[in-house]
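Structure record follows, encoded as structure tokens.
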Amino acid sequence: MLLLDTEEVPADERVEAFRAALLSASVPSLVGMEEDGERVFARMECWRFGDLVLFASRSSGWSVSRSPRFLRLEGPPMVSLSLQAHGTGRFGQSGRRDLVAPGELMLNDLTIPYDFAWSGSGAARSLQVPYDLLAVPPGIVRRGAGRLRASPLYDLVRDHLARVHADADALAGDPGAAALGTATVELVRALITSASGVDAHARPAAAEALLPLVLAYARAHLTEPDLTPARIAHAHNISVRALYRLCARAGLSLEQWIIEQRLEGARSTLLSPAGRTRTVASVARAWGFTDPSHFTRRFRAAYGVTPRRLRAAPSGPAG
């Protein structure tokens, strides 16, 4: 969703429009602009993945400060994990002063004072995660914030954020958007826990984060016949053996899960008004089944009826 494009705003209203758009997407704070008039430019967008929000901005220089005075104003308790895409950010929180170069991550606890700015042209992509969804104590968040680069999950999370933003329009409109949001939150939790150095939780958190991410990826590519364990493992930088171990620990057969998801998708299509005008073979192909006979056998085993009989029923199966 487009929040602001200053090309559509009169020059003398751009500073105020920038402040209003930023505050609508974040928490109460003091916002300032480096330029004014026609020199101000900004484009802000946001996408929702369940309860997770991805916010992207590209603009001329600006600054934001959340002082103790602003903490008294109502705002949602959340953290922001940002990827600096262009320009160098200047971030201060909890006694730290950091330069955030392009390609680097920044973790900001929005419930305590902070300041951030960049000069000239800059751009960033930010995940806004409610604290109750993150389920990590503030002390762990603040400890991990200053040590993100020490985590072996740093590159994985950074690349994931960039990839989600690159396809944000399509992903946010996909039926798996909420599942992708859940998987992304798990991954952010794993990064914070790992970076904080809480060894008792870091490895389990990483594993717990990776499985939802794997399933979200598989769900997004269910209709593609070449969706294989090897492809899924490669997409997540792990071996096929490690992928099978990950699924086994969760009591999950990956191939069976993929078939079940595809069958349910095909079943929904067959019962839809548009699906009733298509051949069974075309529906099977659309859901990744290259052999119509195999599709029919698996469908009957799952639902106790053939695809043709299911569609012939007046309102689908009774149960």
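Convention: chains lettered A, B, ... in structure tokens order; per-chain residue numbering from 1; ligands numbered from 1 as shown.
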
- Query: Could you pull out the strand (DSSP E or B) residues of segment 83-131 of chain A from DSSP and send them as a PyMOL selection string?
  - Reply: chain A and resi 83-86+89-93+96-100+105-109+114-118+122-130

Write the selection just made, keeping N, CA, C and O atoms, as a short mmCIF file (atom, residue, chain, number, x, y, z; two decimals), in the first residue's frame?
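Ended up saving to result_35.cif:
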```cif
data_model
loop_
_atom_site.label_atom_id
_atom_site.label_comp_id
_atom_site.auth_asym_id
_atom_site.auth_seq_id
_atom_site.Cartn_x
_atom_site.Cartn_y
_atom_site.Cartn_z
N LEU A 83 16.66 -2.86 7.28
CA LEU A 83 17.76 -3.07 6.35
C LEU A 83 18.03 -1.75 5.64
O LEU A 83 17.15 -1.24 4.92
N GLN A 84 19.20 -1.18 5.84
CA GLN A 84 19.56 0.05 5.15
C GLN A 84 19.87 -0.29 3.69
O GLN A 84 20.77 -1.07 3.40
N ALA A 85 19.09 0.26 2.79
CA ALA A 85 19.23 -0.07 1.38
C ALA A 85 20.08 0.93 0.63
O ALA A 85 20.74 0.58 -0.36
N HIS A 86 20.08 2.19 1.06
CA HIS A 86 20.83 3.24 0.37
C HIS A 86 21.14 4.35 1.36
O HIS A 86 20.33 4.66 2.23
N GLY A 89 22.80 5.41 7.61
CA GLY A 89 22.00 5.87 8.73
C GLY A 89 22.85 6.12 9.96
O GLY A 89 23.92 5.53 10.14
N ARG A 90 22.38 6.99 10.84
CA ARG A 90 23.04 7.27 12.12
C ARG A 90 22.03 6.93 13.22
O ARG A 90 20.97 7.56 13.32
N PHE A 91 22.37 5.94 14.04
CA PHE A 91 21.42 5.40 15.01
C PHE A 91 21.99 5.48 16.41
O PHE A 91 23.16 5.13 16.64
N GLY A 92 21.17 5.93 17.34
CA GLY A 92 21.58 6.00 18.73
C GLY A 92 20.51 5.44 19.65
O GLY A 92 19.33 5.77 19.52
N GLN A 93 20.93 4.54 20.55
CA GLN A 93 20.00 3.96 21.54
C GLN A 93 20.80 3.28 22.64
O GLN A 93 21.83 2.65 22.37
N ARG A 96 24.56 3.56 22.78
CA ARG A 96 25.32 3.20 21.58
C ARG A 96 25.10 4.24 20.50
O ARG A 96 24.02 4.80 20.36
N ARG A 97 26.15 4.49 19.70
CA ARG A 97 26.04 5.32 18.52
C ARG A 97 26.59 4.51 17.35
O ARG A 97 27.76 4.15 17.34
N ASP A 98 25.75 4.18 16.39
CA ASP A 98 26.15 3.31 15.29
C ASP A 98 25.92 3.99 13.95
O ASP A 98 24.94 4.71 13.76
N LEU A 99 26.83 3.73 13.02
CA LEU A 99 26.61 4.06 11.62
C LEU A 99 26.07 2.81 10.94
O LEU A 99 26.64 1.72 11.08
N VAL A 100 24.98 2.94 10.21
CA VAL A 100 24.33 1.81 9.55
C VAL A 100 24.56 1.96 8.05
O VAL A 100 23.91 2.77 7.38
N LEU A 105 21.89 -4.45 8.86
CA LEU A 105 20.66 -4.49 9.64
C LEU A 105 20.78 -3.62 10.88
O LEU A 105 21.88 -3.45 11.44
N MET A 106 19.65 -3.12 11.34
CA MET A 106 19.57 -2.32 12.55
C MET A 106 18.34 -2.76 13.33
O MET A 106 17.24 -2.84 12.77
N LEU A 107 18.51 -3.06 14.61
CA LEU A 107 17.39 -3.45 15.46
C LEU A 107 17.07 -2.31 16.42
O LEU A 107 17.94 -1.85 17.17
N ASN A 108 15.83 -1.86 16.41
CA ASN A 108 15.42 -0.72 17.21
C ASN A 108 14.26 -1.12 18.11
O ASN A 108 13.22 -1.57 17.64
N ASP A 109 14.45 -0.98 19.43
CA ASP A 109 13.38 -1.19 20.40
C ASP A 109 12.59 0.10 20.49
O ASP A 109 13.06 1.09 21.06
N TYR A 114 15.29 6.68 21.38
CA TYR A 114 16.25 6.43 20.30
C TYR A 114 16.27 7.65 19.39
O TYR A 114 15.38 8.51 19.44
N ASP A 115 17.27 7.72 18.54
CA ASP A 115 17.26 8.70 17.46
C ASP A 115 17.88 8.07 16.22
O ASP A 115 18.73 7.17 16.32
N PHE A 116 17.43 8.51 15.08
CA PHE A 116 17.92 7.99 13.81
C PHE A 116 17.84 9.09 12.77
O PHE A 116 16.94 9.94 12.81
N ALA A 117 18.79 9.06 11.82
CA ALA A 117 18.79 10.07 10.76
C ALA A 117 19.64 9.58 9.59
O ALA A 117 20.48 8.69 9.74
N TRP A 118 19.38 10.18 8.42
CA TRP A 118 20.34 10.09 7.33
C TRP A 118 20.34 11.41 6.58
O TRP A 118 19.38 12.19 6.66
N GLY A 122 18.43 8.55 0.85
CA GLY A 122 18.55 7.29 1.57
C GLY A 122 17.32 6.43 1.38
O GLY A 122 16.27 6.88 0.90
N ALA A 123 17.44 5.15 1.75
CA ALA A 123 16.32 4.22 1.65
C ALA A 123 16.51 3.09 2.65
O ALA A 123 17.64 2.71 2.97
N ALA A 124 15.40 2.58 3.16
CA ALA A 124 15.45 1.48 4.12
C ALA A 124 14.18 0.66 4.02
O ALA A 124 13.14 1.13 3.55
N ARG A 125 14.29 -0.62 4.45
CA ARG A 125 13.14 -1.52 4.55
C ARG A 125 13.09 -2.01 5.99
O ARG A 125 14.10 -2.48 6.52
N SER A 126 11.92 -1.93 6.61
CA SER A 126 11.81 -2.25 8.04
C SER A 126 10.67 -3.23 8.30
O SER A 126 9.56 -3.06 7.78
N LEU A 127 10.96 -4.22 9.13
CA LEU A 127 9.94 -5.12 9.65
C LEU A 127 9.51 -4.60 11.01
O LEU A 127 10.34 -4.40 11.89
N GLN A 128 8.22 -4.39 11.18
CA GLN A 128 7.71 -3.92 12.46
C GLN A 128 7.00 -5.08 13.15
O GLN A 128 6.00 -5.59 12.65
N VAL A 129 7.57 -5.50 14.28
CA VAL A 129 7.12 -6.72 14.96
C VAL A 129 6.56 -6.36 16.34
O VAL A 129 7.31 -5.88 17.19
N PRO A 130 5.28 -6.58 16.59
CA PRO A 130 4.73 -6.33 17.93
C PRO A 130 5.44 -7.19 18.98
O PRO A 130 5.77 -8.35 18.72
#
```

- Skip Ser26 of chain A itself and residues of its chain fewer than 3 positions away, then list as a list in words all residues within 10 Å of it, counting only C-alpha atoms.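 So, after excluding close chain neighbours, the residues are Ala21, Leu22, Leu23, Ser29, Phe55, Gly75, Pro76, Met78, Ser80, Leu110 and Gln128 of chain A.
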
Those same residues - all heavy atoms - I'd like them written as a CSV table (one decimal), in the first residue's frame.
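What follows is the written file selection.csv:
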```
chain,number,residue,atom,x,y,z
A,21,ALA,N,2.8,10.8,7.3
A,21,ALA,CA,2.9,9.5,6.8
A,21,ALA,C,3.8,8.6,7.7
A,21,ALA,O,3.4,7.5,8.0
A,21,ALA,CB,3.4,9.5,5.4
A,22,LEU,N,4.9,9.2,8.1
A,22,LEU,CA,5.8,8.4,9.0
A,22,LEU,C,5.2,8.0,10.3
A,22,LEU,O,5.2,6.9,10.8
A,22,LEU,CB,7.1,9.2,9.2
A,22,LEU,CG,8.2,8.4,10.0
A,22,LEU,CD1,8.7,7.2,9.2
A,22,LEU,CD2,9.3,9.4,10.4
A,23,LEU,N,4.5,9.0,10.9
A,23,LEU,CA,3.9,8.8,12.2
A,23,LEU,C,2.7,7.8,12.1
A,23,LEU,O,2.4,7.1,13.1
A,23,LEU,CB,3.5,10.1,12.9
A,23,LEU,CG,4.6,11.0,13.3
A,23,LEU,CD1,4.1,12.4,13.8
A,23,LEU,CD2,5.6,10.4,14.3
A,29,SER,N,6.8,10.4,17.9
A,29,SER,CA,8.2,10.9,17.9
A,29,SER,C,8.3,12.2,17.2
A,29,SER,O,7.4,12.7,16.6
A,29,SER,CB,9.1,9.8,17.2
A,29,SER,OG,8.6,9.5,15.9
A,55,PHE,N,7.6,-2.1,6.1
A,55,PHE,CA,7.6,-0.7,5.7
A,55,PHE,C,8.8,-0.3,4.9
A,55,PHE,O,9.9,-0.7,5.3
A,55,PHE,CB,7.5,0.1,7.0
A,55,PHE,CG,7.6,1.6,6.8
A,55,PHE,CD1,6.5,2.3,6.3
A,55,PHE,CD2,8.8,2.3,7.1
A,55,PHE,CE1,6.6,3.7,6.2
A,55,PHE,CE2,8.8,3.7,7.0
A,55,PHE,CZ,7.7,4.4,6.5
A,75,GLY,N,1.5,4.4,22.1
A,75,GLY,CA,2.1,3.8,20.9
A,75,GLY,C,2.2,2.3,21.1
A,75,GLY,O,2.4,1.8,22.2
A,76,PRO,N,2.1,1.5,20.0
A,76,PRO,CA,2.1,0.1,20.1
A,76,PRO,C,3.5,-0.4,20.5
A,76,PRO,O,4.5,0.1,19.9
A,76,PRO,CB,1.8,-0.4,18.7
A,76,PRO,CG,2.2,0.7,17.8
A,76,PRO,CD,1.9,2.0,18.6
A,78,MET,N,6.6,-2.4,20.2
A,78,MET,CA,7.1,-3.2,19.1
A,78,MET,C,8.6,-2.9,18.9
A,78,MET,O,9.1,-2.0,19.4
A,78,MET,CB,6.3,-3.0,17.8
A,78,MET,CG,6.3,-1.5,17.3
A,78,MET,SD,5.3,-1.4,15.8
A,78,MET,CE,5.6,0.3,15.4
A,80,SER,N,11.6,-2.8,15.6
A,80,SER,CA,11.8,-2.6,14.2
A,80,SER,C,13.1,-3.2,13.8
A,80,SER,O,14.1,-2.8,14.4
A,80,SER,CB,11.7,-1.1,13.8
A,80,SER,OG,12.0,-0.9,12.5
A,110,LEU,N,11.4,0.1,19.9
A,110,LEU,CA,10.6,1.4,19.9
A,110,LEU,C,9.9,1.7,21.2
A,110,LEU,O,9.2,2.8,21.2
A,110,LEU,CB,9.5,1.2,18.8
A,110,LEU,CG,10.1,1.0,17.4
A,110,LEU,CD1,8.9,0.8,16.4
A,110,LEU,CD2,11.0,2.1,16.9
A,128,GLN,N,8.2,-4.4,11.2
A,128,GLN,CA,7.7,-3.9,12.5
A,128,GLN,C,7.0,-5.1,13.1
A,128,GLN,O,6.0,-5.6,12.7
A,128,GLN,CB,6.8,-2.7,12.2
A,128,GLN,CG,7.5,-1.5,11.6
A,128,GLN,CD,6.5,-0.4,11.3
A,128,GLN,OE1,5.3,-0.5,11.4
A,128,GLN,NE2,7.1,0.8,11.1
```

- Item | All helix (DSSP H, G or I) positions in segment 228-313 of chain A, as a PyMOL selection string | chain A and resi 229-235+240-249+254-271+275-277+280-286+292-303+307-312

- Do a neighbour search on Gly144 of chain A at 12 Å with only C-alpha atoms, toss out local chain neighbours closer than 3 positions, and write the hits as JSON, numbers by chain. {"A": [81, 106, 107, 108, 109, 136, 137, 138, 139, 140, 141, 147, 148, 149, 150, 151, 154, 188, 189, 190, 191, 192, 193, 194, 195, 196, 197, 198, 202]}

- Item | A:Arg143, A:Asp36, A:Phe49, A:Arg69 ranked by distance to Ser94 of chain A, top pick (using only C-alpha atoms) |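 Selected residue with least distance to Ser94 of chain A: A:Arg143.
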
- segment 4-14 of chain A environment, 12 Å, only C-alpha atoms, sequence neighbours closer than 6 positions dropped, as a ChimeraX atom specification: /A:20-25,32-33,35-46,55-60

- Query: For the atom pair atom CA of Val185 of chain A and atom CA of Ala233 of chain A, what is the interatomic distance in Å to one decimal place?
  - Reply: 20.2 Å

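Nearest to Val27 of chain A of all the residues A:Pro77, A:Gly61, A:Pro175, A:Pro307 is A:Pro77, counting only C-alpha atoms.
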
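When only C-alpha atoms are used to compute distances to Gly275 of chain A, the closest of the residues A:Ala230, A:Leu254, A:Ala216, A:Leu310 turns out to be A:Leu310.
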
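The space separating atom CA of Gly87 of chain A from atom CA of His165 of chain A comes to 17.6 Å.
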
- Query: In Å, with one decimal, what is the gap from atom CA of Ala220 of chain A to atom CA of Gly50 of chain A?
  - Reply: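 Calculated distance between atom CA of Ala220 of chain A and atom CA of Gly50 of chain A is 15.2 Å.
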
- Message: Can you pull out the residues contacting Arg267 of chain A? Cut-off 12 Å, using only C-alpha atoms, and skip same-chain residues under 5 positions away; I want them as a ChimeraX atom specification.
- Response: /A:260-262,272,275-276,280,283-284,286-287,295-296,298-300,302-303,305-311,316-317
